[in-house]
>>> print(open('data_13.txt').read())   # compact mmCIF, C-alpha atoms
# COMPACT_ATOMS: atom_id res chain seq x y z
CA MET K 1466 0.00 0.00 0.00
CA TYR K 1467 2.79 2.40 0.90
CA SER K 1468 4.74 1.83 -2.32
CA GLU K 1469 1.65 1.96 -4.55
CA LEU K 1470 -0.43 4.78 -3.07
CA THR K 1471 2.32 7.24 -2.16
CA GLN K 1472 3.15 7.43 -5.87
CA LYS K 1473 -0.42 8.63 -6.43
CA GLY K 1474 -0.13 11.37 -3.81
CA VAL K 1475 -1.93 9.54 -0.99
CA LYS K 1476 -0.32 10.13 2.40
CA ILE K 1477 0.45 6.72 3.92
CA PRO K 1478 2.37 6.40 7.23
CA ASP K 1479 5.67 4.59 6.90
CA GLY K 1480 6.55 1.46 8.85
CA PHE K 1481 8.10 -1.98 8.77
CA ALA K 1482 7.13 -5.60 9.41
CA VAL K 1483 8.74 -8.41 11.39
CA THR K 1484 8.05 -11.69 9.59
CA ALA K 1485 6.87 -14.97 11.08
CA GLU K 1486 10.48 -16.12 11.07
CA GLY K 1487 10.99 -13.74 13.99
CA TYR K 1488 8.31 -15.60 15.97
CA ARG K 1489 9.91 -18.96 15.20
CA HIS K 1490 13.34 -17.61 16.11
CA VAL K 1491 12.09 -16.41 19.51
CA LEU K 1492 10.61 -19.84 20.33
CA ALA K 1493 13.70 -21.71 19.12
CA SER K 1494 16.15 -19.43 20.96
CA ALA K 1495 14.19 -19.79 24.20
CA GLY K 1496 13.81 -23.56 23.78
CA ILE K 1497 10.12 -23.47 24.73
CA LEU K 1498 8.47 -25.16 21.74
CA ASP K 1499 8.12 -28.55 23.45
CA ASP K 1500 6.73 -26.87 26.57
CA LEU K 1501 4.16 -25.04 24.45
CA LYS K 1502 3.08 -28.27 22.80
CA GLU K 1503 2.72 -29.92 26.19
CA ALA K 1504 0.61 -27.01 27.50
CA LEU K 1505 -1.80 -27.26 24.58
CA ALA K 1506 -1.99 -31.04 24.30
CA GLY K 1507 -5.39 -32.62 24.89
CA LEU K 1508 -7.31 -29.46 25.70
CA ASP K 1509 -11.02 -30.00 26.24
CA ARG K 1510 -12.86 -27.44 24.08
CA SER K 1511 -15.93 -27.71 26.28
CA ASP K 1512 -13.92 -26.86 29.40
CA VAL K 1513 -13.41 -23.10 29.28
CA ALA K 1514 -11.43 -23.08 32.52
CA ASP K 1515 -9.04 -25.71 31.14
CA ILE K 1516 -8.37 -23.63 28.01
CA ALA K 1517 -7.86 -20.49 30.07
CA LYS K 1518 -5.58 -21.92 32.75
CA ARG K 1519 -3.69 -24.86 31.31
CA GLY K 1520 -3.74 -23.68 27.72
CA GLY K 1521 -3.84 -19.95 27.17
CA ARG K 1522 -2.32 -18.64 30.38
CA ARG K 1523 0.45 -21.24 30.46
CA ALA K 1524 1.33 -20.72 26.78
CA ARG K 1525 1.39 -16.94 27.09
CA ASP K 1526 3.49 -17.08 30.26
CA LEU K 1527 6.04 -19.29 28.51
CA ILE K 1528 6.55 -16.67 25.79
CA LEU K 1529 6.45 -13.65 28.09
CA SER K 1530 9.01 -15.17 30.45
CA ALA K 1531 11.26 -16.60 27.73
CA GLY K 1532 13.90 -13.90 28.04
CA GLY K 1533 12.63 -11.42 25.49
CA VAL K 1534 13.89 -10.91 21.95
CA PRO K 1535 17.19 -12.51 20.85
CA ASP K 1536 19.89 -9.90 20.29
CA ASP K 1537 20.26 -10.53 16.55
CA LEU K 1538 16.53 -10.09 15.93
CA TRP K 1539 16.31 -7.08 18.25
CA ASN K 1540 19.16 -5.36 16.41
CA GLU K 1541 17.17 -5.59 13.18
CA ILE K 1542 13.97 -4.29 14.80
CA ARG K 1543 15.84 -1.43 16.49
CA THR K 1544 17.55 -0.44 13.23
CA ALA K 1545 14.20 -0.31 11.43
CA TYR K 1546 12.67 1.74 14.26
CA ASP K 1547 15.62 4.13 14.14
CA MET K 1548 14.85 4.73 10.47
CA LEU K 1549 11.28 5.68 11.42
CA CYS K 1550 12.62 8.02 14.09
CA ASP K 1551 14.90 9.64 11.50
CA GLU K 1552 11.79 10.26 9.39
CA TYR K 1553 9.31 11.33 12.09
CA GLY K 1554 11.41 12.48 15.05
CA PRO K 1555 12.85 10.94 18.26
CA ASP K 1556 10.83 8.20 19.97
CA ALA K 1557 8.34 8.10 17.11
CA ASP K 1558 4.90 6.91 18.22
CA VAL K 1559 3.92 3.70 16.43
CA ALA K 1560 1.19 1.10 16.28
CA VAL K 1561 2.41 -2.48 16.73
CA ARG K 1562 0.01 -4.86 14.98
CA SER K 1563 -0.10 -8.65 15.01
CA SER K 1564 -0.88 -10.78 11.97
CA ALA K 1565 -1.33 -14.55 12.15
CA THR K 1566 -0.22 -16.58 9.13
CA ALA K 1567 -3.41 -18.67 8.95
CA GLU K 1568 -5.34 -17.80 5.81
CA ASP K 1569 -8.84 -16.38 6.08
CA LEU K 1570 -11.36 -18.57 4.26
CA PRO K 1571 -15.04 -18.04 3.37
CA THR K 1572 -16.11 -19.76 6.60
CA VAL K 1573 -13.27 -18.74 8.95
CA SER K 1574 -11.64 -15.42 9.80
CA PHE K 1575 -8.71 -14.81 12.13
CA ALA K 1576 -9.08 -11.03 12.07
CA GLY K 1577 -8.93 -9.33 15.46
CA GLN K 1578 -7.85 -12.40 17.45
CA GLN K 1579 -4.35 -11.16 18.20
CA GLU K 1580 -3.25 -8.01 20.00
CA THR K 1581 -2.51 -4.54 18.69
CA PHE K 1582 -0.69 -1.93 20.78
CA LEU K 1583 -1.03 1.77 20.05
CA ASN K 1584 1.03 4.85 20.88
CA ILE K 1585 4.21 2.85 21.52
CA ARG K 1586 7.30 5.02 21.97
CA GLY K 1587 10.94 4.12 22.52
CA TYR K 1588 13.00 0.94 22.51
CA GLN K 1589 11.76 -0.62 25.73
CA ALA K 1590 8.06 -0.14 24.97
CA LEU K 1591 8.56 -1.44 21.43
CA ARG K 1592 10.41 -4.53 22.65
CA GLU K 1593 7.68 -5.32 25.19
CA ALA K 1594 4.90 -4.75 22.66
CA TYR K 1595 6.57 -7.10 20.18
CA VAL K 1596 6.79 -9.95 22.72
CA ARG K 1597 3.21 -9.36 23.87
CA CYS K 1598 2.07 -9.59 20.25
CA LEU K 1599 3.77 -12.99 19.94
CA ALA K 1600 2.12 -14.20 23.14
CA SER K 1601 -1.28 -13.11 21.85
CA LEU K 1602 -1.24 -15.99 19.36
CA PHE K 1603 -2.35 -18.00 22.40
CA THR K 1604 -5.25 -15.96 23.71
CA ASP K 1605 -8.07 -18.16 24.98
CA ARG K 1606 -10.24 -17.01 22.09
CA ALA K 1607 -7.60 -17.82 19.46
CA ILE K 1608 -6.91 -21.27 20.92
CA ALA K 1609 -10.61 -22.19 21.04
CA TYR K 1610 -11.16 -20.89 17.50
CA ARG K 1611 -8.32 -22.99 16.08
CA VAL K 1612 -9.60 -26.08 17.89
CA ASP K 1613 -13.14 -25.50 16.59
CA ASN K 1614 -11.93 -25.13 13.00
CA GLY K 1615 -9.31 -27.86 12.95
CA PHE K 1616 -6.16 -25.73 12.73
CA ASP K 1617 -2.94 -27.07 14.19
CA HIS K 1618 -1.64 -24.56 16.77
CA PHE K 1619 1.91 -25.07 15.55
CA LYS K 1620 1.26 -24.73 11.84
CA VAL K 1621 0.10 -21.19 12.53
CA ALA K 1622 2.79 -18.59 13.22
CA LEU K 1623 2.64 -14.89 13.95
CA SER K 1624 4.21 -11.93 12.25
CA VAL K 1625 4.10 -8.39 13.49
CA GLY K 1626 2.69 -7.26 10.20
CA GLY K 1627 3.10 -3.62 10.94
CA VAL K 1628 5.12 -1.33 13.18
CA ILE K 1629 3.58 1.77 11.69
CA LYS K 1630 3.72 5.48 12.48
CA MET K 1631 0.56 6.45 14.34
CA VAL K 1632 -1.96 8.72 12.66
CA ARG K 1633 -3.69 11.10 15.08
CA SER K 1634 -7.19 10.39 13.87
CA ASP K 1635 -8.44 11.24 17.37
CA LEU K 1636 -7.41 14.84 16.64
CA ALA K 1637 -8.77 14.76 13.09
CA SER K 1638 -12.18 13.72 14.49
CA SER K 1639 -12.53 10.17 13.17
CA GLY K 1640 -10.87 7.01 11.93
CA GLY K 1641 -12.07 3.80 10.39
CA VAL K 1642 -11.57 0.84 8.11
CA ILE K 1643 -12.09 0.56 4.35
CA PHE K 1644 -12.94 -2.70 2.60
CA THR K 1645 -12.53 -2.89 -1.16
CA LEU K 1646 -15.62 -5.09 -1.53
CA ASP K 1647 -18.87 -5.90 0.26
CA THR K 1648 -17.79 -8.07 3.20
CA ASP K 1649 -21.17 -9.81 3.45
CA THR K 1650 -21.63 -10.83 -0.19
CA GLY K 1651 -18.18 -10.50 -1.76
CA PHE K 1652 -19.60 -8.06 -4.36
CA ARG K 1653 -16.57 -6.32 -5.86
CA ASP K 1654 -18.13 -3.19 -7.33
CA VAL K 1655 -18.53 -1.41 -4.02
CA VAL K 1656 -16.18 0.00 -1.40
CA LEU K 1657 -17.37 -0.27 2.20
CA ILE K 1658 -16.15 2.55 4.45
CA THR K 1659 -16.68 2.20 8.20
CA GLY K 1660 -15.99 5.09 10.54
CA SER K 1661 -16.23 6.25 14.15
CA TYR K 1662 -14.92 9.07 16.31
CA GLY K 1663 -11.33 8.81 17.53
CA LEU K 1664 -8.81 6.10 16.66
CA GLY K 1665 -9.99 3.46 14.20
CA GLU K 1666 -9.00 0.65 16.55
CA MET K 1667 -12.47 0.81 18.09
CA ILE K 1668 -13.85 -0.57 14.83
CA VAL K 1669 -11.13 -3.20 14.53
CA GLN K 1670 -12.00 -4.40 18.05
CA GLY K 1671 -15.70 -4.48 17.28
CA ALA K 1672 -16.27 -2.06 20.18
CA VAL K 1673 -18.42 0.28 18.07
CA ASN K 1674 -21.52 -1.61 17.03
CA PRO K 1675 -22.55 -0.49 14.59
CA PRO K 1676 -20.10 2.12 13.24
CA ASP K 1677 -21.02 4.53 10.48
CA GLU K 1678 -21.13 2.70 7.14
CA PHE K 1679 -20.88 4.13 3.63
CA TYR K 1680 -21.21 2.02 0.49
CA VAL K 1681 -19.56 3.58 -2.57
CA PHE K 1682 -20.39 2.22 -6.04
CA LYS K 1683 -17.11 2.02 -7.96
CA PRO K 1684 -18.40 2.33 -11.57
CA THR K 1685 -20.35 5.52 -10.74
CA PHE K 1686 -17.38 6.95 -8.80
CA ARG K 1687 -15.06 6.37 -11.77
CA LYS K 1688 -17.41 8.37 -14.00
CA GLY K 1689 -17.32 11.32 -11.62
CA TYR K 1690 -20.88 11.09 -10.31
CA ARG K 1691 -22.09 10.98 -6.73
CA ALA K 1692 -21.40 7.39 -5.80
CA ILE K 1693 -22.78 6.69 -2.30
CA VAL K 1694 -25.49 4.07 -2.73
CA ARG K 1695 -26.16 3.45 0.96
CA LYS K 1696 -25.19 4.92 4.31
CA ASN K 1697 -25.96 3.84 7.85
CA LEU K 1698 -25.38 6.07 10.86
CA GLY K 1699 -23.95 4.35 13.94
CA GLU K 1700 -24.23 5.28 17.60
CA LYS K 1701 -20.56 6.18 18.26
CA ARG K 1702 -21.11 6.47 22.01
CA VAL K 1703 -17.40 6.18 22.87
CA LYS K 1704 -14.15 7.01 21.15
CA LEU K 1705 -10.54 5.94 21.61
CA ILE K 1706 -7.94 8.68 22.15
CA TYR K 1707 -4.28 8.96 23.12
CA GLY K 1708 -3.51 8.37 26.78
CA HIS K 1709 -1.06 10.52 28.73
CA GLY K 1710 2.39 8.96 28.86
CA GLY K 1711 1.65 6.48 26.08
CA GLY K 1712 -1.10 4.00 25.37
CA ARG K 1713 -4.74 4.87 24.80
CA ARG K 1714 -7.94 5.51 26.68
CA ARG K 1715 -11.66 5.65 26.01
CA SER K 1716 -13.58 8.90 26.05
CA PRO K 1717 -17.27 9.73 25.55
CA GLY K 1718 -18.10 9.97 21.87
CA GLY K 1719 -20.45 12.30 20.04
CA SER K 1720 -23.44 11.27 22.12
CA MET K 1721 -24.15 9.35 25.29
CA SER K 1722 -27.63 8.67 23.96
CA ARG K 1723 -28.51 5.25 22.62
CA ARG K 1724 -29.82 6.93 19.49
CA PRO K 1725 -27.70 8.00 16.52
CA THR K 1726 -26.67 11.63 16.75
CA GLY K 1727 -27.42 12.52 13.16
CA ARG K 1728 -23.74 13.32 12.61
CA GLY K 1729 -21.59 11.03 10.55
CA SER K 1730 -17.92 10.38 11.25
CA VAL K 1731 -17.12 11.15 7.59
CA SER K 1732 -18.43 13.94 5.38
CA THR K 1733 -20.34 12.51 2.42
CA THR K 1734 -19.00 15.31 0.22
CA THR K 1735 -15.51 14.07 1.05
CA ILE K 1736 -16.41 10.60 -0.19
CA SER K 1737 -18.32 11.54 -3.30
>>> encode(input="data_13.txt", output="C-alpha cells")
Amino acid sequence: MYSELTQKGVKIPDGFAVTAEGYRHVLASAGILDDLKEALAGLDRSDVADIAKRGGRRARDLILSAGGVPDDLWNEIRTAYDMLCDEYGPDADVAVRSSATAEDLPTVSFAGQQETFLNIRGYQALREAYVRCLASLFTDRAIAYRVDNGFDHFKVALSVGGVIKMVRSDLASSGGVIFTLDTDTGFRDVVLITGSYGLGEMIVQGAVNPPDEFYVFKPTFRKGYRAIVRKNLGEKRVKLIYGHGGGRRRSPGGSMSRRPTGRGSVSTTTIS
C-alpha cells in the first residue's frame, strides 16, 4: 500500500514488518516449543477453565518469560525503528500490529484475534509490545477458535505485520476501516467505508456496534458522479484517544444517547 499509493499522492504512514520467522526464532532461541506443545496437548474445548488456565495462560506465560527478543533479531527491529525516528522524530509513536499466518477462508476469519498496541514510543516499549504480540497468538479465544476449526496450533505462526507510524485520527475527528468489496456478499463493485470518532482501533476491536457505514459504487465513482449508494449512521457512544504517557484511553463519543446523533464520522461530500 505504501509503495503503490504514495506514488499517487496519498499520504500513507511509513513502517516496517517483522516476519513470522521472527516468531519462530524467539521460540527456538528460548527452547520453549516442546513446553508449548505440552501445555496445549489434549485441551477440552468444552472446558473453558481448562483452556484459560492450562492452555492460554500457560502458553502466554512461557513466551512472556522466555527472556525477550534474541539480540540478533532485536538489532534488526531497532535499526528499522531508528529509520522511522529519523523520518518522524525521536521516539516516534507507532502502532504495533499482530498478523497470524493462517489464511482467512469463506467460513473462517482470524481477524482481530491477536493483539494490537497503540502509541508505543521508545526501545523498551517497542520490545515489550513485540513480545506481547507474539504471546497473543495463544489468547483463549484464538486457541478455542483454532480447535473448533481444525487448525494445528503449531502450523500457525505470527508476524508483526506492521510497526507503523501512528496517525492522530483522534485529533482529526474520526478514523475507520475501508474494505474494497462488500464483506457480506463478496460483491466487488462497491467499497465499504466504516468510521467512528477517535482512533480506528475501536472498529477493529468491534467495540463500536454499529459504526457509520458508507457504500460507494465504484463504476459511478469512476465516471465522476455521486457514488454513495447506501449509508448507515452508527451510535458512536465512545471514542478511543491517546492516553497521557503512552497507550490509549476511552472517552465519551459524540453522544451518550442510545440513538444516533445525526452526525456522521465522515463527510459525504468528502467521499463523493
>>> residues_around(input="data_13.txt", residues="Cys1550 in chain K", least_positions_apart="5", cutoff="12 Å", atoms="only C-alpha atoms", output="VMD selection string")
chain K and resid 1479 to 1480 1543 to 1545 1555 to 1559 1586 to 1588 1629 to 1630
>>> atom_distance(input="data_13.txt", atom1="CA of Leu1599 in chain K", atom2="CA of Gly1640 in chain K")
26.0 Å
>>> atom_distance(input="data_13.txt", atom1="CA of Thr1566 in chain K", atom2="CA of Leu1664 in chain K")
25.4 Å
>>> atom_distance(input="data_13.txt", atom1="CA of Val1621 in chain K", atom2="CA of Met1466 in chain K")
24.6 Å
>>> residues_around(input="data_13.txt", residues="Gln1579 in chain K", least_positions_apart="5", cutoff="8 Å", atoms="all atoms listed in the file", output="list of chain:residue names")
K:Ser1563, K:Ser1564, K:Ala1565, K:Cys1598, K:Ser1601, K:Leu1602, K:Thr1604, K:Ala1607
>>> residues_near_point(input="data_13.txt", point="(3.8, -4.0, 24.0)", cutoff="12 Å", atoms="all atoms listed in the file", output="PyMOL selection string")
chain K and resi 1529+1533+1559-1563+1580-1601+1625+1628+1711-1712
>>> closest_residue(input="data_13.txt", among="K:Gly1520, K:Gly1663, K:Gly1651, K:Gly1615", to="Val1632 in chain K", atoms="only C-alpha atoms")
K:Gly1663
>>> residues_around(input="data_13.txt", residues="range 1659-1662 of chain K", least_positions_apart="4", cutoff="7 Å", atoms="all atoms listed in the file", output="ChimeraX atom specification")
/K:1635,1638-1643,1676-1679,1701,1704,1718,1730-1731
>>> closest_residue(input="data_13.txt", among="K:Tyr1546, K:Val1681, K:Asp1509, K:Leu1498", to="Gly1627 in chain K", atoms="all atoms listed in the file")
K:Tyr1546
>>> residues_near_point(input="data_13.txt", point="(-11.4, 1.0, 19.1)", cutoff="9 Å", atoms="only C-alpha atoms", output="compact mmCIF listing (two decimals) with C-alpha atoms, in the frame of the given file")
# COMPACT_ATOMS: atom_id res chain seq x y z
CA SER K 1661 -16.23 6.25 14.15
CA GLY K 1663 -11.33 8.81 17.53
CA LEU K 1664 -8.81 6.10 16.66
CA GLY K 1665 -9.99 3.46 14.20
CA GLU K 1666 -9.00 0.65 16.55
CA MET K 1667 -12.47 0.81 18.09
CA ILE K 1668 -13.85 -0.57 14.83
CA VAL K 1669 -11.13 -3.20 14.53
CA GLN K 1670 -12.00 -4.40 18.05
CA GLY K 1671 -15.70 -4.48 17.28
CA ALA K 1672 -16.27 -2.06 20.18
CA VAL K 1673 -18.42 0.28 18.07
CA VAL K 1703 -17.40 6.18 22.87
CA LYS K 1704 -14.15 7.01 21.15
CA LEU K 1705 -10.54 5.94 21.61
CA ILE K 1706 -7.94 8.68 22.15
CA ARG K 1715 -11.66 5.65 26.01
>>> closest_residue(input="data_13.txt", among="K:Met1548, K:Ala1609, K:Leu1646, K:Ile1497", to="Ser1511 in chain K", atoms="only C-alpha atoms")
K:Ala1609
>>> residues_around(input="data_13.txt", residues="Asp1515 in chain K", least_positions_apart="3", cutoff="12 Å", atoms="all atoms listed in the file", output="list in words")
Ala1504, Leu1505, Ala1506, Gly1507, Leu1508, Asp1509, Arg1510, Ser1511, Asp1512, Lys1518, Arg1519, Gly1520, Gly1521, Arg1522, Arg1523, Asp1605, Ile1608 and Ala1609 of chain K
